[in-house]
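structure-v6.txt (compact mmCIF, N, CA and C atoms)
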```txt
# COMPACT_ATOMS: atom_id res chain seq x y z
N MET X 1 -45.79 18.38 -0.75
CA MET X 1 -44.60 17.62 -0.39
C MET X 1 -43.50 18.60 -0.01
N SER X 2 -42.89 18.39 1.13
CA SER X 2 -41.84 19.29 1.57
C SER X 2 -40.52 18.95 0.88
N ALA X 3 -39.58 19.88 0.98
CA ALA X 3 -38.29 19.68 0.32
C ALA X 3 -37.51 18.55 0.96
N SER X 4 -37.68 18.33 2.25
CA SER X 4 -36.92 17.27 2.91
C SER X 4 -37.40 15.89 2.50
N THR X 5 -38.70 15.71 2.24
CA THR X 5 -39.19 14.41 1.82
C THR X 5 -39.01 14.19 0.33
N CYS X 6 -38.82 15.26 -0.42
CA CYS X 6 -38.64 15.15 -1.86
C CYS X 6 -37.34 14.42 -2.19
N TRP X 7 -36.27 14.61 -1.40
CA TRP X 7 -34.97 14.01 -1.67
C TRP X 7 -34.73 12.76 -0.82
N SER X 8 -35.76 12.14 -0.28
CA SER X 8 -35.54 11.04 0.65
C SER X 8 -35.60 9.66 0.00
N THR X 9 -36.08 9.54 -1.23
CA THR X 9 -36.13 8.22 -1.86
C THR X 9 -34.73 7.83 -2.33
N PRO X 10 -34.44 6.54 -2.43
CA PRO X 10 -33.08 6.10 -2.80
C PRO X 10 -32.63 6.62 -4.17
N SER X 11 -33.53 6.65 -5.16
CA SER X 11 -33.11 7.10 -6.48
C SER X 11 -32.81 8.59 -6.50
N THR X 12 -33.58 9.38 -5.75
CA THR X 12 -33.30 10.81 -5.72
C THR X 12 -32.09 11.13 -4.84
N LYS X 13 -31.81 10.29 -3.83
CA LYS X 13 -30.59 10.49 -3.04
C LYS X 13 -29.36 10.29 -3.92
N SER X 14 -29.40 9.29 -4.79
CA SER X 14 -28.28 9.04 -5.70
C SER X 14 -28.13 10.21 -6.67
N LEU X 15 -29.24 10.70 -7.20
CA LEU X 15 -29.20 11.84 -8.11
C LEU X 15 -28.69 13.08 -7.40
N ARG X 16 -29.16 13.29 -6.18
CA ARG X 16 -28.71 14.45 -5.39
C ARG X 16 -27.21 14.38 -5.16
N ARG X 17 -26.71 13.21 -4.81
CA ARG X 17 -25.28 13.03 -4.57
C ARG X 17 -24.46 13.34 -5.83
N LYS X 18 -24.95 12.85 -6.96
CA LYS X 18 -24.24 13.10 -8.22
C LYS X 18 -24.26 14.58 -8.58
N LEU X 19 -25.39 15.24 -8.36
CA LEU X 19 -25.49 16.66 -8.68
C LEU X 19 -24.60 17.51 -7.77
N ILE X 20 -24.52 17.15 -6.50
CA ILE X 20 -23.65 17.89 -5.58
C ILE X 20 -22.19 17.73 -5.98
N ILE X 21 -21.80 16.49 -6.29
CA ILE X 21 -20.41 16.25 -6.71
C ILE X 21 -20.12 16.98 -8.02
N PHE X 22 -21.07 16.95 -8.97
CA PHE X 22 -20.89 17.66 -10.23
C PHE X 22 -20.74 19.16 -9.99
N GLY X 23 -21.57 19.72 -9.13
CA GLY X 23 -21.48 21.15 -8.85
C GLY X 23 -20.16 21.54 -8.20
N LEU X 24 -19.70 20.73 -7.27
CA LEU X 24 -18.42 21.01 -6.62
C LEU X 24 -17.25 20.89 -7.60
N LEU X 25 -17.29 19.86 -8.45
CA LEU X 25 -16.22 19.69 -9.44
C LEU X 25 -16.27 20.78 -10.50
N ALA X 26 -17.47 21.23 -10.88
CA ALA X 26 -17.59 22.34 -11.83
C ALA X 26 -17.01 23.61 -11.23
N GLY X 27 -17.26 23.84 -9.95
CA GLY X 27 -16.67 24.99 -9.28
C GLY X 27 -15.15 24.90 -9.22
N ALA X 28 -14.65 23.69 -8.98
CA ALA X 28 -13.20 23.49 -8.95
C ALA X 28 -12.59 23.73 -10.33
N LEU X 29 -13.28 23.25 -11.37
CA LEU X 29 -12.78 23.46 -12.73
C LEU X 29 -12.75 24.94 -13.08
N PHE X 30 -13.84 25.65 -12.78
CA PHE X 30 -13.90 27.08 -13.09
C PHE X 30 -12.81 27.86 -12.36
N THR X 31 -12.70 27.65 -11.05
CA THR X 31 -11.69 28.40 -10.30
C THR X 31 -10.28 27.98 -10.68
N GLY X 32 -10.10 26.71 -11.06
CA GLY X 32 -8.79 26.27 -11.55
C GLY X 32 -8.42 26.95 -12.86
N LEU X 33 -9.40 27.09 -13.76
CA LEU X 33 -9.14 27.79 -15.02
C LEU X 33 -8.83 29.26 -14.79
N VAL X 34 -9.56 29.89 -13.87
CA VAL X 34 -9.27 31.29 -13.56
C VAL X 34 -7.85 31.42 -12.99
N ALA X 35 -7.44 30.46 -12.17
CA ALA X 35 -6.09 30.48 -11.60
C ALA X 35 -5.04 30.32 -12.69
N VAL X 36 -5.27 29.40 -13.63
CA VAL X 36 -4.30 29.17 -14.71
C VAL X 36 -4.21 30.39 -15.63
N PHE X 37 -5.36 30.89 -16.08
CA PHE X 37 -5.33 32.05 -16.96
C PHE X 37 -4.84 33.30 -16.24
N GLY X 38 -5.16 33.43 -14.98
CA GLY X 38 -4.66 34.56 -14.21
C GLY X 38 -3.16 34.50 -14.02
N SER X 39 -2.63 33.29 -13.81
CA SER X 39 -1.18 33.18 -13.64
C SER X 39 -0.43 33.44 -14.94
N THR X 40 -1.01 33.05 -16.09
CA THR X 40 -0.35 33.39 -17.36
C THR X 40 -0.40 34.89 -17.60
N PHE X 41 -1.49 35.54 -17.21
CA PHE X 41 -1.57 37.00 -17.32
C PHE X 41 -0.52 37.66 -16.45
N VAL X 42 -0.38 37.19 -15.21
CA VAL X 42 0.61 37.77 -14.30
C VAL X 42 2.02 37.50 -14.81
N TRP X 43 2.24 36.32 -15.38
CA TRP X 43 3.56 35.97 -15.91
C TRP X 43 3.95 36.93 -17.03
N LYS X 44 2.99 37.23 -17.92
CA LYS X 44 3.27 38.16 -19.02
C LYS X 44 3.42 39.59 -18.50
N LEU X 45 2.71 39.92 -17.43
CA LEU X 45 2.79 41.26 -16.86
C LEU X 45 4.11 41.49 -16.13
N MET X 46 4.78 40.41 -15.72
CA MET X 46 6.05 40.56 -15.01
C MET X 46 7.13 41.15 -15.91
N GLY X 47 6.98 40.97 -17.22
CA GLY X 47 7.99 41.50 -18.14
C GLY X 47 7.85 42.98 -18.40
N THR X 48 6.81 43.60 -17.90
CA THR X 48 6.62 45.04 -18.13
C THR X 48 7.11 45.81 -16.91
N ASP X 49 7.21 47.10 -17.09
CA ASP X 49 7.64 47.97 -15.98
C ASP X 49 6.48 48.77 -15.41
N GLN X 50 5.26 48.25 -15.55
CA GLN X 50 4.09 48.96 -15.04
C GLN X 50 4.08 48.93 -13.52
N VAL X 51 3.72 50.06 -12.94
CA VAL X 51 3.57 50.14 -11.49
C VAL X 51 2.20 50.72 -11.18
N SER X 52 1.69 50.41 -9.99
CA SER X 52 0.39 50.96 -9.60
C SER X 52 0.55 52.44 -9.27
N ALA X 53 -0.54 53.17 -9.44
CA ALA X 53 -0.47 54.63 -9.28
C ALA X 53 -0.24 55.05 -7.83
N ASP X 54 -0.93 54.41 -6.91
CA ASP X 54 -0.84 54.85 -5.51
C ASP X 54 0.29 54.19 -4.74
N LEU X 55 0.40 52.87 -4.83
CA LEU X 55 1.41 52.16 -4.05
C LEU X 55 2.78 52.14 -4.72
N GLU X 56 2.79 52.35 -6.03
CA GLU X 56 4.00 52.27 -6.83
C GLU X 56 4.65 50.91 -6.74
N TRP X 57 3.80 49.88 -6.59
CA TRP X 57 4.25 48.50 -6.64
C TRP X 57 4.17 48.03 -8.08
N PRO X 58 4.96 47.02 -8.44
CA PRO X 58 4.79 46.44 -9.78
C PRO X 58 3.38 45.86 -9.92
N MET X 59 2.79 46.06 -11.09
CA MET X 59 1.40 45.64 -11.32
C MET X 59 1.22 44.14 -11.20
N TRP X 60 2.28 43.35 -11.48
CA TRP X 60 2.11 41.90 -11.39
C TRP X 60 1.86 41.48 -9.94
N ILE X 61 2.39 42.23 -8.98
CA ILE X 61 2.13 41.92 -7.57
C ILE X 61 0.67 42.23 -7.24
N VAL X 62 0.16 43.34 -7.78
CA VAL X 62 -1.23 43.72 -7.53
C VAL X 62 -2.17 42.66 -8.11
N TYR X 63 -1.89 42.22 -9.34
CA TYR X 63 -2.76 41.25 -10.00
C TYR X 63 -2.53 39.80 -9.54
N LEU X 64 -1.54 39.58 -8.72
CA LEU X 64 -1.26 38.23 -8.23
C LEU X 64 -2.37 37.69 -7.34
N CYS X 65 -3.21 38.58 -6.81
CA CYS X 65 -4.32 38.12 -5.96
C CYS X 65 -5.31 37.27 -6.75
N ILE X 66 -5.45 37.49 -8.06
CA ILE X 66 -6.42 36.74 -8.86
C ILE X 66 -6.04 35.26 -8.94
N PRO X 67 -4.83 34.90 -9.40
CA PRO X 67 -4.53 33.47 -9.45
C PRO X 67 -4.37 32.83 -8.07
N LEU X 68 -3.85 33.57 -7.10
CA LEU X 68 -3.69 32.99 -5.76
C LEU X 68 -5.05 32.73 -5.11
N GLY X 69 -5.94 33.70 -5.18
CA GLY X 69 -7.27 33.52 -4.60
C GLY X 69 -8.05 32.42 -5.30
N SER X 70 -7.95 32.35 -6.62
CA SER X 70 -8.66 31.31 -7.36
C SER X 70 -8.08 29.93 -7.07
N ALA X 71 -6.77 29.84 -6.92
CA ALA X 71 -6.16 28.55 -6.60
C ALA X 71 -6.59 28.08 -5.22
N LEU X 72 -6.65 28.99 -4.26
CA LEU X 72 -7.12 28.62 -2.92
C LEU X 72 -8.58 28.21 -2.94
N MET X 73 -9.38 28.89 -3.74
CA MET X 73 -10.80 28.54 -3.84
C MET X 73 -10.96 27.17 -4.52
N CYS X 74 -10.14 26.90 -5.53
CA CYS X 74 -10.16 25.59 -6.19
C CYS X 74 -9.80 24.49 -5.20
N PHE X 75 -8.78 24.74 -4.37
CA PHE X 75 -8.39 23.79 -3.35
C PHE X 75 -9.54 23.53 -2.38
N ARG X 76 -10.26 24.59 -2.03
CA ARG X 76 -11.40 24.45 -1.10
C ARG X 76 -12.51 23.62 -1.72
N PHE X 77 -12.79 23.82 -3.02
CA PHE X 77 -13.78 22.99 -3.71
C PHE X 77 -13.35 21.52 -3.69
N LEU X 78 -12.09 21.26 -4.01
CA LEU X 78 -11.61 19.87 -4.02
C LEU X 78 -11.65 19.27 -2.62
N GLN X 79 -11.35 20.07 -1.62
CA GLN X 79 -11.43 19.61 -0.24
C GLN X 79 -12.87 19.27 0.13
N SER X 80 -13.81 20.07 -0.33
CA SER X 80 -15.23 19.81 -0.06
C SER X 80 -15.70 18.54 -0.77
N VAL X 81 -15.20 18.30 -1.99
CA VAL X 81 -15.55 17.08 -2.71
C VAL X 81 -15.05 15.87 -1.94
N TYR X 82 -13.83 15.94 -1.44
CA TYR X 82 -13.26 14.82 -0.69
C TYR X 82 -14.06 14.55 0.58
N VAL X 83 -14.39 15.61 1.32
CA VAL X 83 -15.16 15.44 2.56
C VAL X 83 -16.54 14.88 2.24
N TYR X 84 -17.18 15.37 1.18
CA TYR X 84 -18.53 14.91 0.85
C TYR X 84 -18.51 13.45 0.38
N THR X 85 -17.52 13.06 -0.41
CA THR X 85 -17.50 11.67 -0.88
C THR X 85 -17.13 10.69 0.22
N THR X 86 -16.35 11.13 1.21
CA THR X 86 -15.97 10.21 2.28
C THR X 86 -16.99 10.16 3.41
N THR X 87 -17.62 11.30 3.72
CA THR X 87 -18.54 11.32 4.86
C THR X 87 -20.01 11.46 4.46
N GLY X 88 -20.27 12.02 3.30
CA GLY X 88 -21.65 12.25 2.88
C GLY X 88 -22.22 13.55 3.41
N HIS X 89 -21.41 14.38 4.05
CA HIS X 89 -21.86 15.64 4.61
C HIS X 89 -21.12 16.79 3.94
N LEU X 90 -21.87 17.84 3.63
CA LEU X 90 -21.25 19.05 3.11
C LEU X 90 -20.73 19.89 4.27
N PRO X 91 -19.56 20.48 4.12
CA PRO X 91 -19.04 21.34 5.19
C PRO X 91 -19.94 22.56 5.37
N ARG X 92 -20.23 22.90 6.61
CA ARG X 92 -21.05 24.06 6.93
C ARG X 92 -20.32 24.92 7.94
N VAL X 93 -20.51 26.21 7.82
CA VAL X 93 -19.88 27.16 8.72
C VAL X 93 -20.99 27.93 9.42
N ASP X 94 -20.91 27.99 10.74
CA ASP X 94 -21.86 28.80 11.51
C ASP X 94 -21.18 30.14 11.80
N HIS X 95 -21.52 31.14 11.00
CA HIS X 95 -20.88 32.45 11.14
C HIS X 95 -21.27 33.14 12.44
N ALA X 96 -22.37 32.73 13.03
CA ALA X 96 -22.82 33.38 14.26
C ALA X 96 -22.15 32.78 15.51
N HIS X 97 -21.46 31.66 15.36
CA HIS X 97 -20.85 31.01 16.52
C HIS X 97 -19.62 31.79 16.97
N VAL X 98 -19.56 32.06 18.25
CA VAL X 98 -18.40 32.74 18.84
C VAL X 98 -17.79 31.79 19.86
N GLU X 99 -16.53 31.49 19.68
CA GLU X 99 -15.84 30.58 20.59
C GLU X 99 -15.70 31.22 21.97
N GLY X 100 -15.98 30.46 23.00
CA GLY X 100 -15.80 30.93 24.36
C GLY X 100 -17.06 31.45 25.02
N ILE X 101 -18.16 31.54 24.29
CA ILE X 101 -19.41 32.00 24.89
C ILE X 101 -20.24 30.78 25.22
N ASP X 102 -20.62 30.67 26.46
CA ASP X 102 -21.41 29.54 26.91
C ASP X 102 -22.88 29.92 26.90
N SER X 103 -23.63 29.39 25.95
CA SER X 103 -25.03 29.79 25.81
C SER X 103 -25.91 29.19 26.90
N GLU X 104 -25.44 28.15 27.56
CA GLU X 104 -26.27 27.53 28.60
C GLU X 104 -26.35 28.39 29.85
N ASN X 105 -25.30 29.14 30.14
CA ASN X 105 -25.28 29.95 31.36
C ASN X 105 -25.76 31.38 31.14
N ASP X 106 -25.90 31.80 29.91
CA ASP X 106 -26.34 33.17 29.62
C ASP X 106 -27.77 33.14 29.11
N PRO X 107 -28.73 33.67 29.87
CA PRO X 107 -30.14 33.58 29.47
C PRO X 107 -30.45 34.35 28.19
N GLU X 108 -29.74 35.45 27.92
CA GLU X 108 -29.99 36.21 26.70
C GLU X 108 -29.59 35.39 25.47
N ILE X 109 -28.45 34.76 25.53
CA ILE X 109 -27.99 33.95 24.40
C ILE X 109 -28.88 32.73 24.23
N ALA X 110 -29.33 32.14 25.33
CA ALA X 110 -30.23 30.99 25.24
C ALA X 110 -31.55 31.40 24.59
N ALA X 111 -32.05 32.60 24.88
CA ALA X 111 -33.28 33.09 24.25
C ALA X 111 -33.08 33.33 22.76
N ILE X 112 -31.93 33.86 22.38
CA ILE X 112 -31.64 34.07 20.96
C ILE X 112 -31.55 32.74 20.23
N GLU X 113 -30.90 31.76 20.85
CA GLU X 113 -30.79 30.43 20.24
C GLU X 113 -32.16 29.79 20.08
N ALA X 114 -33.02 29.92 21.09
CA ALA X 114 -34.37 29.35 21.02
C ALA X 114 -35.16 30.02 19.91
N ASP X 115 -35.04 31.33 19.78
CA ASP X 115 -35.73 32.06 18.72
C ASP X 115 -35.21 31.63 17.35
N LYS X 116 -33.91 31.45 17.23
CA LYS X 116 -33.32 31.02 15.96
C LYS X 116 -33.82 29.62 15.59
N ASN X 117 -33.93 28.73 16.56
CA ASN X 117 -34.41 27.39 16.30
C ASN X 117 -35.86 27.41 15.85
N ILE X 118 -36.67 28.28 16.46
CA ILE X 118 -38.09 28.37 16.08
C ILE X 118 -38.21 28.91 14.66
N ARG X 119 -37.45 29.94 14.33
CA ARG X 119 -37.52 30.53 12.99
C ARG X 119 -37.02 29.55 11.92
N MET X 120 -36.08 28.70 12.26
CA MET X 120 -35.52 27.75 11.30
C MET X 120 -36.33 26.47 11.22
N GLY X 121 -37.46 26.40 11.87
CA GLY X 121 -38.33 25.23 11.76
C GLY X 121 -38.14 24.22 12.87
N GLY X 122 -37.28 24.50 13.83
CA GLY X 122 -37.07 23.57 14.93
C GLY X 122 -38.08 23.79 16.03
N LYS X 123 -37.90 23.08 17.10
CA LYS X 123 -38.80 23.23 18.26
C LYS X 123 -38.10 24.01 19.33
N SER X 124 -38.87 24.67 20.15
CA SER X 124 -38.29 25.50 21.21
C SER X 124 -37.71 24.70 22.33
```

Rendering of file as structure tokens:
Amino acid sequence: MSASTCWSTPSTKSLRRKLIIFGLLAGALFTGLVAVFGSTFVWKLMGTDQVSADLEWPMWIVYLCIPLGSALMCFRFLQSVYVYTTTGHLPRVDHAHVEGIDSENDPEIAAIEADKNIRMGGKS
């Protein structure tokens, strides 16, 4: 039995949906906690006069990337939950896509696309 037919029955689709939502919400909870604990750490670090060795910036500015990055990641998880619950599709990013390149007119790119489709289980 292939993986695509394994999740095609109605009861497993419901389970799959619940597991995806649980996973996304768990990720949001984790990154939210890291953002909260990181911001309390930065808040306490603001009262000190520590500076970084090379940049000579206050250390709280250096460590501010932890709560800011985690908060943005938490927002992205919540955004993905909203998109998945409203549309039923998980957001996907094609890192190989380059805007402005027309694969239909370029035979080299069309050959690469055809090869990628064959390797990914599609038809040529």

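We find atom CA of X:Ser11 and atom N of X:Val83 to be spaced 22.0 Å apart.
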
For this session: One decimal, Å: what's the distance from atom CA of X:Val93 over to atom CA of X:Phe77, could you say?
Result: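 Here the two named atoms are 14.5 Å from each other.
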
Exercise. Neighbours of X:Val42 within 8 Å (only N, CA and C atoms; same-chain residues fewer than 4 positions away dropped), as JSON, numbers by chain?
Worked result: {"X": [36, 37, 38, 46, 47, 59, 60, 61, 63, 64, 67]}

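If you measure from each of X:Gly32, X:Ala111, X:His95, X:Lys44 to X:Gly69 using only C-alpha atoms, the closest one turns out to be X:Gly32.
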
Problem set entry | Close residues, X:Ile21 itself excluded, 12 Å, only C-alpha atoms, min 6 positions apart in chain, as a ChimeraX atom specification | /X:14-15,27-28,77-86,88-90

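The interatomic distance for the pair atom CA of X:Leu68 and atom CA of X:Thr87 works out to 28.3 Å.
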
For this session: Could you check which of X:Pro91, X:Gly100, X:Cys74, X:Pro107 is closest to X:Thr31, using only N, CA and C atoms?
Result: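 Distance minimum relative to X:Thr31 lands on X:Cys74.
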
Exercise. From the list X:Asp54, X:Phe30, X:Trp43, X:Val98, which residue is nearest X:Ser70 when using only C-alpha atoms?
Worked result: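 Ranked by minimum distance to X:Ser70, first place goes to X:Phe30.
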
Apply DSSP to the structure's backbone, then extract all residues of stretch 8-122 of chain X labelled alpha helix (DSSP H) and return them as a compact mmCIF listing (two decimals) with N, CA and C atoms, in the frame of the given file.
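The resulting file, states-v2.txt, is shown below:
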```
# COMPACT_ATOMS: atom_id res chain seq x y z
N PRO X 10 -34.44 6.54 -2.43
CA PRO X 10 -33.08 6.10 -2.80
C PRO X 10 -32.63 6.62 -4.17
N SER X 11 -33.53 6.65 -5.16
CA SER X 11 -33.11 7.10 -6.48
C SER X 11 -32.81 8.59 -6.50
N THR X 12 -33.58 9.38 -5.75
CA THR X 12 -33.30 10.81 -5.72
C THR X 12 -32.09 11.13 -4.84
N LYS X 13 -31.81 10.29 -3.83
CA LYS X 13 -30.59 10.49 -3.04
C LYS X 13 -29.36 10.29 -3.92
N SER X 14 -29.40 9.29 -4.79
CA SER X 14 -28.28 9.04 -5.70
C SER X 14 -28.13 10.21 -6.67
N LEU X 15 -29.24 10.70 -7.20
CA LEU X 15 -29.20 11.84 -8.11
C LEU X 15 -28.69 13.08 -7.40
N ARG X 16 -29.16 13.29 -6.18
CA ARG X 16 -28.71 14.45 -5.39
C ARG X 16 -27.21 14.38 -5.16
N ARG X 17 -26.71 13.21 -4.81
CA ARG X 17 -25.28 13.03 -4.57
C ARG X 17 -24.46 13.34 -5.83
N LYS X 18 -24.95 12.85 -6.96
CA LYS X 18 -24.24 13.10 -8.22
C LYS X 18 -24.26 14.58 -8.58
N LEU X 19 -25.39 15.24 -8.36
CA LEU X 19 -25.49 16.66 -8.68
C LEU X 19 -24.60 17.51 -7.77
N ILE X 20 -24.52 17.15 -6.50
CA ILE X 20 -23.65 17.89 -5.58
C ILE X 20 -22.19 17.73 -5.98
N ILE X 21 -21.80 16.49 -6.29
CA ILE X 21 -20.41 16.25 -6.71
C ILE X 21 -20.12 16.98 -8.02
N PHE X 22 -21.07 16.95 -8.97
CA PHE X 22 -20.89 17.66 -10.23
C PHE X 22 -20.74 19.16 -9.99
N GLY X 23 -21.57 19.72 -9.13
CA GLY X 23 -21.48 21.15 -8.85
C GLY X 23 -20.16 21.54 -8.20
N LEU X 24 -19.70 20.73 -7.27
CA LEU X 24 -18.42 21.01 -6.62
C LEU X 24 -17.25 20.89 -7.60
N LEU X 25 -17.29 19.86 -8.45
CA LEU X 25 -16.22 19.69 -9.44
C LEU X 25 -16.27 20.78 -10.50
N ALA X 26 -17.47 21.23 -10.88
CA ALA X 26 -17.59 22.34 -11.83
C ALA X 26 -17.01 23.61 -11.23
N GLY X 27 -17.26 23.84 -9.95
CA GLY X 27 -16.67 24.99 -9.28
C GLY X 27 -15.15 24.90 -9.22
N ALA X 28 -14.65 23.69 -8.98
CA ALA X 28 -13.20 23.49 -8.95
C ALA X 28 -12.59 23.73 -10.33
N LEU X 29 -13.28 23.25 -11.37
CA LEU X 29 -12.78 23.46 -12.73
C LEU X 29 -12.75 24.94 -13.08
N PHE X 30 -13.84 25.65 -12.78
CA PHE X 30 -13.90 27.08 -13.09
C PHE X 30 -12.81 27.86 -12.36
N THR X 31 -12.70 27.65 -11.05
CA THR X 31 -11.69 28.40 -10.30
C THR X 31 -10.28 27.98 -10.68
N GLY X 32 -10.10 26.71 -11.06
CA GLY X 32 -8.79 26.27 -11.55
C GLY X 32 -8.42 26.95 -12.86
N LEU X 33 -9.40 27.09 -13.76
CA LEU X 33 -9.14 27.79 -15.02
C LEU X 33 -8.83 29.26 -14.79
N VAL X 34 -9.56 29.89 -13.87
CA VAL X 34 -9.27 31.29 -13.56
C VAL X 34 -7.85 31.42 -12.99
N ALA X 35 -7.44 30.46 -12.17
CA ALA X 35 -6.09 30.48 -11.60
C ALA X 35 -5.04 30.32 -12.69
N VAL X 36 -5.27 29.40 -13.63
CA VAL X 36 -4.30 29.17 -14.71
C VAL X 36 -4.21 30.39 -15.63
N PHE X 37 -5.36 30.89 -16.08
CA PHE X 37 -5.33 32.05 -16.96
C PHE X 37 -4.84 33.30 -16.24
N GLY X 38 -5.16 33.43 -14.98
CA GLY X 38 -4.66 34.56 -14.21
C GLY X 38 -3.16 34.50 -14.02
N SER X 39 -2.63 33.29 -13.81
CA SER X 39 -1.18 33.18 -13.64
C SER X 39 -0.43 33.44 -14.94
N THR X 40 -1.01 33.05 -16.09
CA THR X 40 -0.35 33.39 -17.36
C THR X 40 -0.40 34.89 -17.60
N PHE X 41 -1.49 35.54 -17.21
CA PHE X 41 -1.57 37.00 -17.32
C PHE X 41 -0.52 37.66 -16.45
N VAL X 42 -0.38 37.19 -15.21
CA VAL X 42 0.61 37.77 -14.30
C VAL X 42 2.02 37.50 -14.81
N TRP X 43 2.24 36.32 -15.38
CA TRP X 43 3.56 35.97 -15.91
C TRP X 43 3.95 36.93 -17.03
N LYS X 44 2.99 37.23 -17.92
CA LYS X 44 3.27 38.16 -19.02
C LYS X 44 3.42 39.59 -18.50
N LEU X 45 2.71 39.92 -17.43
CA LEU X 45 2.79 41.26 -16.86
C LEU X 45 4.11 41.49 -16.13
N MET X 59 2.79 46.06 -11.09
CA MET X 59 1.40 45.64 -11.32
C MET X 59 1.22 44.14 -11.20
N TRP X 60 2.28 43.35 -11.48
CA TRP X 60 2.11 41.90 -11.39
C TRP X 60 1.86 41.48 -9.94
N ILE X 61 2.39 42.23 -8.98
CA ILE X 61 2.13 41.92 -7.57
C ILE X 61 0.67 42.23 -7.24
N VAL X 62 0.16 43.34 -7.78
CA VAL X 62 -1.23 43.72 -7.53
C VAL X 62 -2.17 42.66 -8.11
N TYR X 63 -1.89 42.22 -9.34
CA TYR X 63 -2.76 41.25 -10.00
C TYR X 63 -2.53 39.80 -9.54
N CYS X 65 -3.21 38.58 -6.81
CA CYS X 65 -4.32 38.12 -5.96
C CYS X 65 -5.31 37.27 -6.75
N ILE X 66 -5.45 37.49 -8.06
CA ILE X 66 -6.42 36.74 -8.86
C ILE X 66 -6.04 35.26 -8.94
N PRO X 67 -4.83 34.90 -9.40
CA PRO X 67 -4.53 33.47 -9.45
C PRO X 67 -4.37 32.83 -8.07
N LEU X 68 -3.85 33.57 -7.10
CA LEU X 68 -3.69 32.99 -5.76
C LEU X 68 -5.05 32.73 -5.11
N GLY X 69 -5.94 33.70 -5.18
CA GLY X 69 -7.27 33.52 -4.60
C GLY X 69 -8.05 32.42 -5.30
N SER X 70 -7.95 32.35 -6.62
CA SER X 70 -8.66 31.31 -7.36
C SER X 70 -8.08 29.93 -7.07
N ALA X 71 -6.77 29.84 -6.92
CA ALA X 71 -6.16 28.55 -6.60
C ALA X 71 -6.59 28.08 -5.22
N LEU X 72 -6.65 28.99 -4.26
CA LEU X 72 -7.12 28.62 -2.92
C LEU X 72 -8.58 28.21 -2.94
N MET X 73 -9.38 28.89 -3.74
CA MET X 73 -10.80 28.54 -3.84
C MET X 73 -10.96 27.17 -4.52
N CYS X 74 -10.14 26.90 -5.53
CA CYS X 74 -10.16 25.59 -6.19
C CYS X 74 -9.80 24.49 -5.20
N PHE X 75 -8.78 24.74 -4.37
CA PHE X 75 -8.39 23.79 -3.35
C PHE X 75 -9.54 23.53 -2.38
N ARG X 76 -10.26 24.59 -2.03
CA ARG X 76 -11.40 24.45 -1.10
C ARG X 76 -12.51 23.62 -1.72
N PHE X 77 -12.79 23.82 -3.02
CA PHE X 77 -13.78 22.99 -3.71
C PHE X 77 -13.35 21.52 -3.69
N LEU X 78 -12.09 21.26 -4.01
CA LEU X 78 -11.61 19.87 -4.02
C LEU X 78 -11.65 19.27 -2.62
N GLN X 79 -11.35 20.07 -1.62
CA GLN X 79 -11.43 19.61 -0.24
C GLN X 79 -12.87 19.27 0.13
N SER X 80 -13.81 20.07 -0.33
CA SER X 80 -15.23 19.81 -0.06
C SER X 80 -15.70 18.54 -0.77
N VAL X 81 -15.20 18.30 -1.99
CA VAL X 81 -15.55 17.08 -2.71
C VAL X 81 -15.05 15.87 -1.94
N TYR X 82 -13.83 15.94 -1.44
CA TYR X 82 -13.26 14.82 -0.69
C TYR X 82 -14.06 14.55 0.58
N VAL X 83 -14.39 15.61 1.32
CA VAL X 83 -15.16 15.44 2.56
C VAL X 83 -16.54 14.88 2.24
N TYR X 84 -17.18 15.37 1.18
CA TYR X 84 -18.53 14.91 0.85
C TYR X 84 -18.51 13.45 0.38
N THR X 85 -17.52 13.06 -0.41
CA THR X 85 -17.50 11.67 -0.88
C THR X 85 -17.13 10.69 0.22
N THR X 86 -16.35 11.13 1.21
CA THR X 86 -15.97 10.21 2.28
C THR X 86 -16.99 10.16 3.41
N THR X 87 -17.62 11.30 3.72
CA THR X 87 -18.54 11.32 4.86
C THR X 87 -20.01 11.46 4.46
N PRO X 107 -28.73 33.67 29.87
CA PRO X 107 -30.14 33.58 29.47
C PRO X 107 -30.45 34.35 28.19
N GLU X 108 -29.74 35.45 27.92
CA GLU X 108 -29.99 36.21 26.70
C GLU X 108 -29.59 35.39 25.47
N ILE X 109 -28.45 34.76 25.53
CA ILE X 109 -27.99 33.95 24.40
C ILE X 109 -28.88 32.73 24.23
N ALA X 110 -29.33 32.14 25.33
CA ALA X 110 -30.23 30.99 25.24
C ALA X 110 -31.55 31.40 24.59
N ALA X 111 -32.05 32.60 24.88
CA ALA X 111 -33.28 33.09 24.25
C ALA X 111 -33.08 33.33 22.76
N ILE X 112 -31.93 33.86 22.38
CA ILE X 112 -31.64 34.07 20.96
C ILE X 112 -31.55 32.74 20.23
N GLU X 113 -30.90 31.76 20.85
CA GLU X 113 -30.79 30.43 20.24
C GLU X 113 -32.16 29.79 20.08
N ALA X 114 -33.02 29.92 21.09
CA ALA X 114 -34.37 29.35 21.02
C ALA X 114 -35.16 30.02 19.91
N ASP X 115 -35.04 31.33 19.78
CA ASP X 115 -35.73 32.06 18.72
C ASP X 115 -35.21 31.63 17.35
N LYS X 116 -33.91 31.45 17.23
CA LYS X 116 -33.32 31.02 15.96
C LYS X 116 -33.82 29.62 15.59
N ASN X 117 -33.93 28.73 16.56
CA ASN X 117 -34.41 27.39 16.30
C ASN X 117 -35.86 27.41 15.85
N ILE X 118 -36.67 28.28 16.46
CA ILE X 118 -38.09 28.37 16.08
C ILE X 118 -38.21 28.91 14.66
N ARG X 119 -37.45 29.94 14.33
CA ARG X 119 -37.52 30.53 12.99
C ARG X 119 -37.02 29.55 11.92
```
